[in-house]
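Engineer: target.txt (compact mmCIF, C-alpha atoms) pasted underneath:
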# COMPACT_ATOMS: atom_id res chain seq x y z
CA MET X 24 53.49 5.23 37.55
CA LYS X 25 54.41 1.60 38.12
CA LYS X 26 56.30 -0.02 35.24
CA THR X 27 57.13 -3.55 34.22
CA THR X 28 60.01 -4.90 32.13
CA LEU X 29 59.74 -7.95 29.87
CA TRP X 30 61.06 -9.52 26.71
CA ILE X 31 58.82 -9.34 23.66
CA SER X 32 59.89 -10.60 20.25
CA GLY X 33 63.54 -10.61 21.28
CA ILE X 34 63.71 -7.02 22.57
CA LEU X 35 63.73 -5.63 26.11
CA LEU X 36 60.62 -3.54 26.64
CA THR X 37 59.55 -1.36 29.56
CA LEU X 38 55.92 -0.28 29.55
CA PRO X 39 53.73 1.56 32.04
CA LEU X 40 51.63 -1.09 33.76
CA SER X 41 48.46 0.84 32.96
CA GLY X 42 49.47 1.09 29.31
CA ILE X 43 47.60 4.43 29.15
CA SER X 44 50.48 6.83 28.58
CA ALA X 45 52.40 4.75 26.04
CA GLU X 46 51.46 5.81 22.52
CA ALA X 47 51.24 3.30 19.72
CA GLU X 48 54.20 3.43 17.36
CA LYS X 49 51.74 3.11 14.47
CA GLN X 50 48.18 4.35 14.84
CA GLN X 51 46.76 3.85 11.33
CA LEU X 52 46.35 0.11 10.85
CA LYS X 53 44.95 -2.21 8.20
CA LEU X 54 43.80 -5.63 9.42
CA GLY X 55 42.78 -8.48 7.12
CA PHE X 56 40.15 -11.16 7.54
CA VAL X 57 38.40 -13.93 5.64
CA LYS X 58 34.60 -13.96 5.50
CA LEU X 59 33.80 -16.22 8.44
CA THR X 60 31.79 -15.60 11.60
CA ASP X 61 34.87 -15.93 13.79
CA MET X 62 36.19 -12.63 12.42
CA ALA X 63 33.57 -11.15 14.78
CA PRO X 64 36.07 -9.90 17.42
CA LEU X 65 37.65 -7.60 14.83
CA ALA X 66 34.29 -6.15 13.76
CA VAL X 67 33.11 -5.77 17.37
CA ALA X 68 36.35 -4.05 18.42
CA LEU X 69 35.88 -1.59 15.56
CA GLU X 70 32.14 -0.99 15.87
CA HIS X 71 32.16 -0.70 19.68
CA GLY X 72 35.16 1.62 19.82
CA PHE X 73 37.62 -0.72 21.55
CA PHE X 74 40.30 0.11 18.97
CA ASP X 75 39.51 3.81 19.39
CA ASP X 76 39.98 3.50 23.16
CA GLU X 77 43.55 2.38 22.48
CA GLY X 78 44.24 5.29 20.11
CA LEU X 79 44.16 3.04 17.05
CA SER X 80 42.51 3.91 13.75
CA VAL X 81 41.75 0.54 12.19
CA GLN X 82 40.57 -0.40 8.71
CA LEU X 83 39.27 -3.94 8.22
CA GLU X 84 39.69 -5.46 4.78
CA ALA X 85 38.27 -8.77 3.53
CA GLN X 86 40.76 -11.05 1.76
CA PRO X 87 39.74 -13.53 -0.97
CA ASN X 88 41.46 -16.52 0.62
CA TRP X 89 43.97 -17.57 3.28
CA LYS X 90 46.97 -17.58 0.91
CA VAL X 91 46.47 -13.96 -0.10
CA LEU X 92 45.91 -12.96 3.53
CA GLN X 93 49.08 -14.74 4.63
CA ASP X 94 51.22 -13.22 1.89
CA ARG X 95 49.96 -9.71 2.64
CA VAL X 96 50.89 -10.03 6.31
CA LEU X 97 54.30 -11.44 5.39
CA ASP X 98 55.08 -8.63 2.95
CA GLY X 99 53.73 -5.85 5.17
CA GLN X 100 50.62 -4.84 3.22
CA LEU X 101 48.55 -5.84 6.27
CA ASP X 102 49.58 -4.95 9.80
CA ALA X 103 47.81 -7.97 11.29
CA ALA X 104 45.04 -10.39 10.43
CA HIS X 105 42.39 -12.85 11.50
CA MET X 106 44.56 -15.86 10.73
CA LEU X 107 44.63 -19.64 10.89
CA ALA X 108 46.66 -20.83 13.87
CA GLY X 109 48.36 -23.29 11.52
CA GLN X 110 49.68 -20.47 9.34
CA VAL X 111 51.63 -18.99 12.23
CA LEU X 112 53.03 -22.39 13.16
CA ALA X 113 53.90 -23.41 9.60
CA SER X 114 55.83 -20.17 9.31
CA GLN X 115 57.83 -20.84 12.46
CA ALA X 116 58.44 -24.39 11.21
CA GLY X 117 60.11 -22.96 8.10
CA MET X 118 57.34 -23.74 5.61
CA THR X 119 56.81 -20.17 4.31
CA GLY X 120 60.33 -18.87 3.72
CA THR X 121 62.46 -16.57 5.83
CA GLU X 122 59.70 -14.27 7.09
CA LYS X 123 58.07 -15.47 10.30
CA LEU X 124 54.59 -15.06 11.73
CA GLN X 125 53.56 -15.09 15.38
CA THR X 126 50.56 -14.47 17.59
CA ALA X 127 49.84 -13.18 21.07
CA LEU X 128 46.08 -13.74 20.98
CA VAL X 129 43.69 -16.56 20.12
CA LEU X 130 40.51 -15.17 18.58
CA ASP X 131 38.27 -18.19 19.20
CA LEU X 132 37.79 -21.88 19.86
CA HIS X 133 35.61 -24.21 17.76
CA GLY X 134 33.37 -22.76 15.03
CA ASN X 135 33.79 -25.35 12.24
CA ALA X 136 31.83 -28.37 11.05
CA CYS X 137 31.98 -31.15 8.46
CA THR X 138 29.09 -31.22 6.00
CA LEU X 139 28.11 -33.98 3.57
CA SER X 140 26.17 -33.46 0.36
CA THR X 141 22.47 -34.26 0.51
CA GLN X 142 23.08 -37.12 -1.93
CA ILE X 143 25.71 -38.76 0.29
CA TRP X 144 23.49 -38.28 3.34
CA GLN X 145 20.61 -39.97 1.51
CA GLN X 146 22.86 -42.91 0.60
CA LEU X 147 23.84 -43.33 4.25
CA SER X 148 20.24 -42.97 5.38
CA ALA X 149 19.09 -45.68 2.96
CA LYS X 150 21.18 -48.26 4.84
CA ALA X 151 20.48 -47.22 8.43
CA LYS X 152 19.64 -44.06 10.30
CA PRO X 153 22.96 -42.22 10.71
CA GLN X 154 23.79 -40.98 14.18
CA ILE X 155 25.06 -37.44 14.67
CA PRO X 156 27.86 -36.74 15.50
CA LEU X 157 28.61 -39.12 12.62
CA ASP X 158 31.35 -41.73 12.88
CA ALA X 159 33.34 -41.39 9.64
CA LYS X 160 33.43 -45.20 9.47
CA ALA X 161 29.94 -44.91 7.95
CA LEU X 162 31.54 -43.42 4.81
CA GLN X 163 33.28 -46.72 4.09
CA SER X 164 29.95 -47.94 2.71
CA ILE X 165 30.00 -45.35 -0.11
CA PRO X 166 31.28 -47.21 -3.20
CA THR X 167 32.91 -44.23 -4.95
CA GLN X 168 36.04 -42.38 -3.88
CA LEU X 169 34.82 -39.29 -2.08
CA LYS X 170 36.19 -35.78 -2.62
CA PHE X 171 36.20 -33.29 0.22
CA GLY X 172 36.98 -29.60 0.44
CA MET X 173 38.89 -27.76 3.14
CA VAL X 174 40.13 -24.19 3.22
CA PHE X 175 43.97 -24.31 3.33
CA PRO X 176 46.67 -26.97 3.72
CA VAL X 177 47.71 -25.85 7.22
CA SER X 178 44.20 -24.96 8.35
CA SER X 179 42.44 -26.39 11.37
CA HIS X 180 39.80 -27.56 8.89
CA ASN X 181 42.31 -29.75 7.05
CA TYR X 182 43.55 -31.34 10.27
CA GLU X 183 40.04 -31.76 11.69
CA LEU X 184 38.77 -33.39 8.51
CA ARG X 185 41.79 -35.70 8.40
CA TYR X 186 41.49 -36.54 12.08
CA TRP X 187 37.81 -37.41 11.70
CA LEU X 188 38.31 -39.52 8.58
CA ALA X 189 41.31 -41.38 10.02
CA ALA X 190 39.42 -42.08 13.25
CA GLY X 191 36.86 -43.83 11.01
CA GLY X 192 39.54 -45.91 9.27
CA LEU X 193 39.73 -43.82 6.08
CA HIS X 194 43.18 -42.69 4.95
CA PRO X 195 43.05 -38.96 4.05
CA GLY X 196 46.41 -39.03 2.25
CA PHE X 197 49.97 -37.89 2.87
CA TYR X 198 51.96 -34.86 1.78
CA ALA X 199 55.42 -35.52 0.30
CA PRO X 200 57.17 -32.14 0.05
CA LYS X 201 60.60 -33.70 -0.56
CA THR X 202 59.35 -35.17 -3.83
CA GLY X 203 57.37 -32.05 -4.73
CA ASP X 204 53.99 -33.69 -4.02
CA ASN X 205 52.04 -31.13 -2.00
CA SER X 206 48.61 -32.43 -2.98
CA GLY X 207 48.14 -34.29 0.30
CA GLN X 208 46.58 -37.17 -1.62
CA LEU X 209 49.34 -39.81 -1.50
CA ASP X 210 47.85 -43.22 -0.51
CA ALA X 211 44.48 -41.53 0.02
CA ASP X 212 41.12 -43.29 0.38
CA VAL X 213 39.45 -39.87 0.32
CA LEU X 214 40.68 -36.98 -1.85
CA ILE X 215 40.96 -33.62 -0.08
CA SER X 216 41.56 -30.32 -1.87
CA VAL X 217 41.40 -26.58 -1.17
CA VAL X 218 38.17 -24.59 -1.66
CA PRO X 219 37.85 -20.98 -0.36
CA PRO X 220 35.26 -20.78 2.46
CA PRO X 221 32.57 -18.70 0.70
CA GLN X 222 32.69 -21.07 -2.28
CA MET X 223 31.94 -24.21 -0.29
CA PRO X 224 28.15 -24.33 -0.82
CA ALA X 225 28.60 -23.76 -4.58
CA ALA X 226 31.21 -26.55 -4.75
CA LEU X 227 28.74 -28.86 -3.05
CA GLU X 228 25.92 -27.84 -5.39
CA SER X 229 28.06 -28.41 -8.50
CA GLY X 230 29.26 -31.81 -7.31
CA THR X 231 32.89 -30.71 -7.23
CA VAL X 232 33.02 -32.05 -3.67
CA ALA X 233 30.86 -34.55 -1.77
CA GLY X 234 31.53 -32.81 1.53
CA PHE X 235 33.67 -30.22 3.23
CA CYS X 236 35.03 -28.90 6.49
CA VAL X 237 34.61 -25.15 6.92
CA GLY X 238 33.74 -22.46 9.43
CA GLU X 239 30.43 -20.68 9.69
CA PRO X 240 28.21 -19.48 8.20
CA TRP X 241 28.89 -21.79 5.25
CA ASN X 242 27.75 -25.08 6.85
CA GLN X 243 24.45 -23.54 7.91
CA GLN X 244 24.03 -21.88 4.52
CA ALA X 245 24.43 -25.27 2.83
CA ALA X 246 21.87 -26.73 5.24
CA ALA X 247 19.40 -23.87 4.68
CA ARG X 248 19.66 -24.32 0.91
CA LYS X 249 19.26 -28.11 1.34
CA LEU X 250 22.57 -28.70 -0.42
CA GLY X 251 24.15 -30.56 2.47
CA VAL X 252 23.87 -31.92 5.98
CA PRO X 253 26.32 -30.93 8.74
CA VAL X 254 27.25 -34.19 10.46
CA ILE X 255 29.84 -33.26 13.10
CA SER X 256 31.18 -30.04 14.61
CA ASN X 257 34.85 -29.58 15.31
CA SER X 258 34.17 -29.41 19.04
CA ASP X 259 33.40 -33.15 18.72
CA ILE X 260 36.54 -33.79 16.65
CA ARG X 261 39.10 -31.90 18.73
CA GLY X 262 37.44 -29.74 21.33
CA PHE X 263 38.86 -26.76 23.25
CA MET X 264 41.69 -26.08 20.82
CA ALA X 265 42.75 -22.70 19.36
CA GLU X 266 41.06 -21.93 16.05
CA LYS X 267 41.87 -18.48 14.59
CA VAL X 268 44.51 -16.11 15.98
CA LEU X 269 45.64 -12.53 15.55
CA GLY X 270 48.58 -13.12 13.21
CA VAL X 271 51.41 -10.62 12.77
CA ASN X 272 54.78 -10.57 11.05
CA SER X 273 57.49 -11.10 13.68
CA ARG X 274 59.49 -8.15 12.36
CA TRP X 275 56.37 -5.98 12.61
CA ALA X 276 55.85 -7.13 16.21
CA ALA X 277 59.43 -6.24 17.14
CA LYS X 278 59.05 -2.78 15.58
CA HIS X 279 55.59 -2.02 17.06
CA PRO X 280 55.41 -3.59 20.55
CA VAL X 281 53.05 -0.97 22.02
CA THR X 282 50.78 -1.05 18.96
CA HIS X 283 50.68 -4.83 19.21
CA LEU X 284 49.85 -4.65 22.92
CA LYS X 285 46.98 -2.27 22.26
CA LEU X 286 45.58 -4.48 19.49
CA VAL X 287 45.56 -7.45 21.86
CA LYS X 288 43.87 -5.40 24.59
CA ALA X 289 41.09 -4.26 22.26
CA LEU X 290 40.46 -7.77 20.95
CA ILE X 291 40.40 -9.32 24.43
CA ARG X 292 37.62 -6.86 25.24
CA ALA X 293 35.78 -7.81 22.05
CA GLY X 294 36.01 -11.52 22.85
CA ALA X 295 34.69 -10.93 26.36
CA TRP X 296 31.80 -8.84 25.01
CA LEU X 297 30.85 -11.66 22.63
CA ASP X 298 30.70 -14.24 25.41
CA GLU X 299 29.38 -12.22 28.33
CA GLN X 300 26.20 -13.26 30.12
CA ASP X 301 25.63 -16.48 28.19
CA ASN X 302 26.15 -14.99 24.72
CA ARG X 303 23.56 -12.24 25.19
CA ASN X 304 25.30 -10.00 22.64
CA ARG X 305 25.50 -12.58 19.89
CA SER X 306 22.36 -11.46 18.03
CA GLU X 307 23.78 -7.98 17.77
CA ALA X 308 27.13 -9.39 16.66
CA ALA X 309 25.44 -11.50 13.98
CA GLN X 310 23.69 -8.40 12.67
CA ILE X 311 26.97 -6.47 12.60
CA ILE X 312 28.95 -9.06 10.68
CA SER X 313 26.14 -9.82 8.23
CA ALA X 314 27.06 -6.56 6.46
CA ALA X 315 28.52 -7.02 2.97
CA HIS X 316 31.88 -5.54 3.97
CA TYR X 317 32.22 -8.16 6.74
CA VAL X 318 30.85 -11.69 6.19
CA GLY X 319 28.09 -10.74 3.79
CA ALA X 320 25.64 -13.51 4.69
CA ASP X 321 22.06 -13.45 5.93
CA ALA X 322 21.96 -12.49 9.61
CA ALA X 323 19.44 -15.27 10.27
CA ILE X 324 21.92 -17.85 8.95
CA ILE X 325 24.77 -16.38 11.00
CA LYS X 326 22.61 -16.40 14.14
CA ARG X 327 22.08 -20.16 13.86
CA SER X 328 25.53 -20.89 15.22
CA MET X 329 26.46 -17.59 16.84
CA THR X 330 23.50 -17.55 19.22
CA GLY X 331 23.92 -21.12 20.42
CA GLU X 332 21.87 -23.32 18.10
CA PHE X 333 23.03 -25.45 15.20
CA GLU X 334 21.08 -27.44 12.62
CA PHE X 335 22.48 -30.79 11.55
CA ALA X 336 20.09 -33.05 9.61
CA PRO X 337 16.87 -31.30 8.53
CA GLY X 338 14.94 -30.42 11.67
CA ASP X 339 17.71 -31.67 13.96
CA ILE X 340 18.37 -28.37 15.73
CA ARG X 341 20.55 -28.67 18.81
CA LYS X 342 21.63 -26.35 21.56
CA ALA X 343 25.26 -25.43 20.95
CA PRO X 344 26.27 -22.58 23.29
CA ASP X 345 29.93 -23.43 22.76
CA PHE X 346 29.84 -23.74 18.98
CA ASN X 347 31.73 -20.46 18.95
CA VAL X 348 33.82 -19.56 22.00
CA PHE X 349 35.54 -16.18 22.08
CA PHE X 350 36.59 -15.69 25.71
CA ARG X 351 35.36 -18.24 28.24
CA TYR X 352 37.58 -21.21 29.10
CA HIS X 353 40.48 -18.73 28.77
CA ALA X 354 39.93 -18.98 25.02
CA THR X 355 42.04 -15.93 24.14
CA TYR X 356 45.19 -17.20 25.87
CA PRO X 357 47.81 -18.63 23.45
CA PHE X 358 48.50 -22.00 25.08
CA TYR X 359 51.69 -23.68 23.86
CA SER X 360 49.98 -27.07 23.98
CA ASP X 361 47.48 -26.00 21.31
CA ALA X 362 50.40 -24.99 19.11
CA ILE X 363 52.14 -28.33 19.70
CA TRP X 364 49.02 -30.25 18.64
CA TYR X 365 48.98 -28.43 15.29
CA LEU X 366 52.65 -29.25 14.77
CA THR X 367 52.00 -32.95 15.48
CA GLN X 368 49.37 -32.96 12.73
CA MET X 369 51.80 -31.39 10.28
CA ARG X 370 54.14 -34.27 11.03
CA ARG X 371 51.39 -36.90 11.04
CA TRP X 372 50.39 -36.08 7.47
CA GLY X 373 53.88 -35.46 6.09
CA GLN X 374 53.90 -31.67 5.79
CA LEU X 375 56.92 -31.89 8.08
CA SER X 376 58.94 -34.36 6.08
CA GLU X 377 61.25 -35.41 8.92
CA ALA X 378 60.76 -36.47 12.52
CA LYS X 379 61.37 -33.79 15.15
CA ALA X 380 62.52 -34.08 18.76
CA ASP X 381 60.03 -33.23 21.50
CA SER X 382 62.18 -30.21 22.32
CA TRP X 383 61.71 -28.89 18.76
CA TYR X 384 57.92 -28.95 19.15
CA GLN X 385 58.15 -27.04 22.41
CA ALA X 386 60.62 -24.44 21.10
CA THR X 387 58.61 -23.86 17.92
CA ALA X 388 55.39 -23.43 19.89
CA LYS X 389 57.03 -20.83 22.14
CA ALA X 390 58.40 -18.92 19.16
CA ALA X 391 54.95 -18.79 17.58
CA PHE X 392 52.73 -18.12 20.62
CA ASP X 393 53.73 -15.01 22.58
CA THR X 394 52.35 -15.48 26.09
CA ALA X 395 54.42 -12.61 27.54
CA LEU X 396 52.66 -9.93 25.53
CA TYR X 397 49.25 -11.46 26.23
CA GLN X 398 49.95 -11.43 29.96
CA GLN X 399 51.05 -7.80 29.80
CA ALA X 400 47.83 -6.87 27.94
CA ALA X 401 45.70 -8.75 30.49
CA LYS X 402 47.46 -7.14 33.46
CA THR X 403 46.97 -3.71 31.93
CA LEU X 404 43.24 -4.35 31.44
CA ILE X 405 42.99 -5.45 35.08
CA THR X 406 44.81 -2.31 36.25
CA GLU X 407 42.44 -0.19 34.16
CA GLY X 408 39.48 -1.81 35.94
CA LYS X 409 38.05 -3.45 32.83
CA PHE X 410 38.66 -7.04 34.00
CA ASN X 411 39.24 -9.02 37.16
CA THR X 412 42.25 -11.23 37.84
CA SER X 413 39.89 -14.23 37.85
CA ASP X 414 39.02 -13.58 34.20
CA PHE X 415 42.45 -14.85 33.15
CA PRO X 416 44.69 -17.84 33.88
CA ASP X 417 46.80 -17.60 37.04
CA PHE X 418 49.93 -16.19 35.43
CA THR X 419 52.04 -17.04 38.48
CA LYS X 420 51.41 -20.74 37.83
CA GLU X 421 50.52 -20.98 34.14
CA THR X 422 52.96 -23.10 32.09
CA GLY X 423 51.13 -22.80 28.78
CA ILE X 424 50.52 -26.57 28.71
CA LYS X 425 46.96 -27.77 29.24
CA ALA X 426 46.40 -31.07 30.99
CA PRO X 427 45.32 -33.87 28.60
CA GLU X 428 41.83 -34.00 30.13
CA ARG X 429 41.18 -30.40 29.06
CA TYR X 430 40.97 -31.51 25.42
CA LYS X 431 38.31 -33.61 23.70
CA PHE X 432 38.99 -35.86 20.70
CA ALA X 433 36.68 -37.92 18.51
CA ASP X 434 38.75 -41.08 19.04
CA ASN X 435 39.20 -40.46 22.80
CA LYS X 436 42.99 -40.52 22.51
CA ALA X 437 44.91 -38.55 25.12
CA PHE X 438 47.12 -35.69 24.00
CA ASP X 439 50.08 -34.91 26.27
CA ALA X 440 51.83 -31.85 24.82
CA ASN X 441 54.97 -32.67 26.81
CA ARG X 442 55.37 -35.87 24.76
CA PRO X 443 54.36 -35.12 21.17
CA ASN X 444 56.25 -38.06 19.64
CA GLN X 445 54.63 -40.47 22.07
CA TYR X 446 51.28 -38.96 21.10
CA LEU X 447 51.92 -39.69 17.40
CA GLN X 448 52.65 -43.33 18.17
CA GLN X 449 48.99 -43.90 19.10
CA PHE X 450 47.60 -43.61 15.57
CA ASP X 451 47.12 -46.47 13.12
CA ILE X 452 47.03 -44.01 10.21
CA GLY X 453 49.77 -41.39 9.87
CA TYR X 454 53.50 -41.04 10.36
CA LYS X 455 54.59 -42.13 13.81
CA ASP X 456 58.31 -41.38 14.18
What does the file become when written as structure tokens?

Structural biologist:
Amino acid sequence: MKKTTLWISGILLTLPLSGISAEAEKQQLKLGFVKLTDMAPLAVALEHGFFDDEGLSVQLEAQPNWKVLQDRVLDGQLDAAHMLAGQVLASQAGMTGTEKLQTALVLDLHGNACTLSTQIWQQLSAKAKPQIPLDAKALQSIPTQLKFGMVFPVSSHNYELRYWLAAGGLHPGFYAPKTGDNSGQLDADVLISVVPPPQMPAALESGTVAGFCVGEPWNQQAAARKLGVPVISNSDIRGFMAEKVLGVNSRWAAKHPVTHLKLVKALIRAGAWLDEQDNRNRSEAAQIISAAHYVGADAAIIKRSMTGEFEFAPGDIRKAPDFNVFFRYHATYPFYSDAIWYLTQMRRWGQLSEAKADSWYQATAKAAFDTALYQQAAKTLITEGKFNTSDFPDFTKETGIKAPERYKFADNKAFDANRPNQYLQQFDIGYKD
């Protein structure tokens, strides 16, 4: 049998190219997730037997919030998890202690939106008919200081919300970790705080927040209950960027390289199943994850975004086939440039308290995003006849850096991952050095 040799997590590993005869070092696994529709690849891989095909017995366990999930992966209670890309990168940047996280698989692109309370929407509508996607500049007309919710300080939702507000001329506030101020509200025009995803609609209803940025199904649930109006999706804020990832402890990855490979293989298959033939399987997926032990929301609400439609203002239902992307556009590949963008936002808002050289951004991205293991998993799936070479990036040429034109930003600024400090210089609001 043909074999290949490569470095994974700092160790030299030789695996059969087919991956069939190599047994997983650990076969009984517990994977964590937060109740969002983009946990779907994990549920699909379990329900459709993709984990079983790899000889893995997997238990999926919902976590109450991102902090608990992160801590349980770091301390070994969870083998892996549906995780925020920013959590992996913050770990590699030294923000979570000595234990490090990494990923070899992106679970999805897009999937989030910003929602305003019905009251704020009515105030905007009284002045002029708001256009969707909404320019955050419109919020400058609201006389009170607005409070927004997001799910975690290093979440995509935090950075998307901040990006959108700043593009509209509203300062979302700085972090100042050196002085012990981790509120993210220094110099803020708009106050942003953490709210767990399933609690977002209730926070809107109680008036705790005037808006939020969260993943599905919580924007559509707020819309269905007439508590809020989704005004912009994250594909219009920063399109074609990694969202959730399969996060693992780096020490776990070094100890279980074959297990890790098999997890990635199973989840690549799940992502492809979710996207195949123009999302034809999404209705079934929505039904699967509506179960209480997964997302626990009405299947009809989940289907709104999962099947390619999204409701913004009441009655404003739009086609959105790419609201959730699980495989197409090479969505599962861990591009270094996506990682670098997250790191620039950590610096922009002060979570990284000191300027970093361009080389630091690149090295940190490569430590966090394991392209070697992904490529091995993809090549094994091709050898097994489950995929074609054309389903994946050309690994003989792929650098891990997307061209600037492959991204989409609300303010139309170009992001060149080879020059992160130059990128930061473009913004009127945020740290530049």

Engineer: With only C-alpha atoms as the counted atoms, please give the residues lying no more than 9 Å from region 104-119 of chain X, apart from itself and same-chain residues fewer than 5 positions off, as JSON, numbers by chain.

Structural biologist: {"X": [53, 54, 55, 56, 57, 61, 62, 65, 83, 89, 92, 93, 96, 124, 125, 126, 129, 130, 175, 176, 177, 178, 179, 265, 266, 267, 268, 269, 270, 271, 362, 363, 365, 366, 369, 374, 375, 387, 388, 390, 391, 392]}

Engineer: Taking 2 positions as the minimum chain separation for residues in the same chain, which residues sit within 9 Å of Ser258 (chain X) when counting all atoms listed in the file? Answer as number ranges by chain.

Structural biologist: X: 132-136, 255-256, 260-264, 345-346, 431-433

Engineer: Excluding Trp372 (chain X) and residues on its chain fewer than 5 positions from it, collect all residues at most 8 Å away from it, counting all atoms listed in the file, and give them as a VMD selection string.

Structural biologist: chain X and resid 196 to 198 207 453 to 454

Engineer: Env of Asn302 (chain X): 12 Å cut, atoms = only C-alpha atoms, seq-sep filter 3 positions within chain, self excluded. Answer as a PyMOL selection string.

Structural biologist: chain X and resi 294-299+305-309+326+328-332+343-351

Engineer: One decimal, in Å: what's the spacing between CA of Ala190 (chain X) and CA of Tyr352 (chain X)?

Structural biologist: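 Answer for the CA of Ala190 (chain X) to CA of Tyr352 (chain X) separation: 26.3 Å.
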
Engineer: One number please: CA of Arg274 (chain X) to CA of Leu128 (chain X), in Å, one decimal.

Structural biologist: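 Answer for the CA of Arg274 (chain X) to CA of Leu128 (chain X) separation: 16.9 Å.
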
Engineer: Tell me which of X:Lys278, X:His71, X:Val252, X:Ala289 sits closest to Leu147 (chain X), counting only C-alpha atoms.

Structural biologist: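 Among the listed residues, the smallest separation from Leu147 (chain X) belongs to X:Val252.
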
Engineer: Please, what distance in Å, to one decimal, runs between CA of Thr367 (chain X) and CA of Pro443 (chain X)?

Structural biologist: 6.5 Å

Engineer: Find the residues near Val213 (chain X): any atom within 9 Å, counting only C-alpha atoms, skip ones fewer than 5 places away on the same chain, and give them as a PyMOL selection string.

Structural biologist: chain X and resi 168-171+188+193-196+208

Engineer: Please dump the current selection as a compact mmCIF listing (two decimals), in the frame of the given file; keep C-alpha atoms.

Structural biologist:
# COMPACT_ATOMS: atom_id res chain seq x y z
CA GLN X 168 36.04 -42.38 -3.88
CA LEU X 169 34.82 -39.29 -2.08
CA LYS X 170 36.19 -35.78 -2.62
CA PHE X 171 36.20 -33.29 0.22
CA LEU X 188 38.31 -39.52 8.58
CA LEU X 193 39.73 -43.82 6.08
CA HIS X 194 43.18 -42.69 4.95
CA PRO X 195 43.05 -38.96 4.05
CA GLY X 196 46.41 -39.03 2.25
CA GLN X 208 46.58 -37.17 -1.62

Engineer: In the coordinate frame of the file, compute which residues have an atom within 8 Å of (55.8, -26.2, 28.3) when using only C-alpha atoms, and state them as a ChimeraX atom specification.

Structural biologist: /X:359-360,385,422-424,440-441

Engineer: Take the selection from the previous step and output its residues with C-alpha atoms, as a compact mmCIF listing (two decimals), keeping the file's coordinate frame.

Structural biologist:
# COMPACT_ATOMS: atom_id res chain seq x y z
CA TYR X 359 51.69 -23.68 23.86
CA SER X 360 49.98 -27.07 23.98
CA GLN X 385 58.15 -27.04 22.41
CA THR X 422 52.96 -23.10 32.09
CA GLY X 423 51.13 -22.80 28.78
CA ILE X 424 50.52 -26.57 28.71
CA ALA X 440 51.83 -31.85 24.82
CA ASN X 441 54.97 -32.67 26.81

Engineer: Which centre and edge lengths in Å to one decimal define the box along x, y and z that fits every listed atom of region 277-281 of chain X plus 6 Å per side, as lines of an AutoDock Vina configuration file?

Structural biologist:
center_x = 56.2
center_y = -3.6
center_z = 18.8
size_x = 18.4
size_y = 17.3
size_z = 18.4
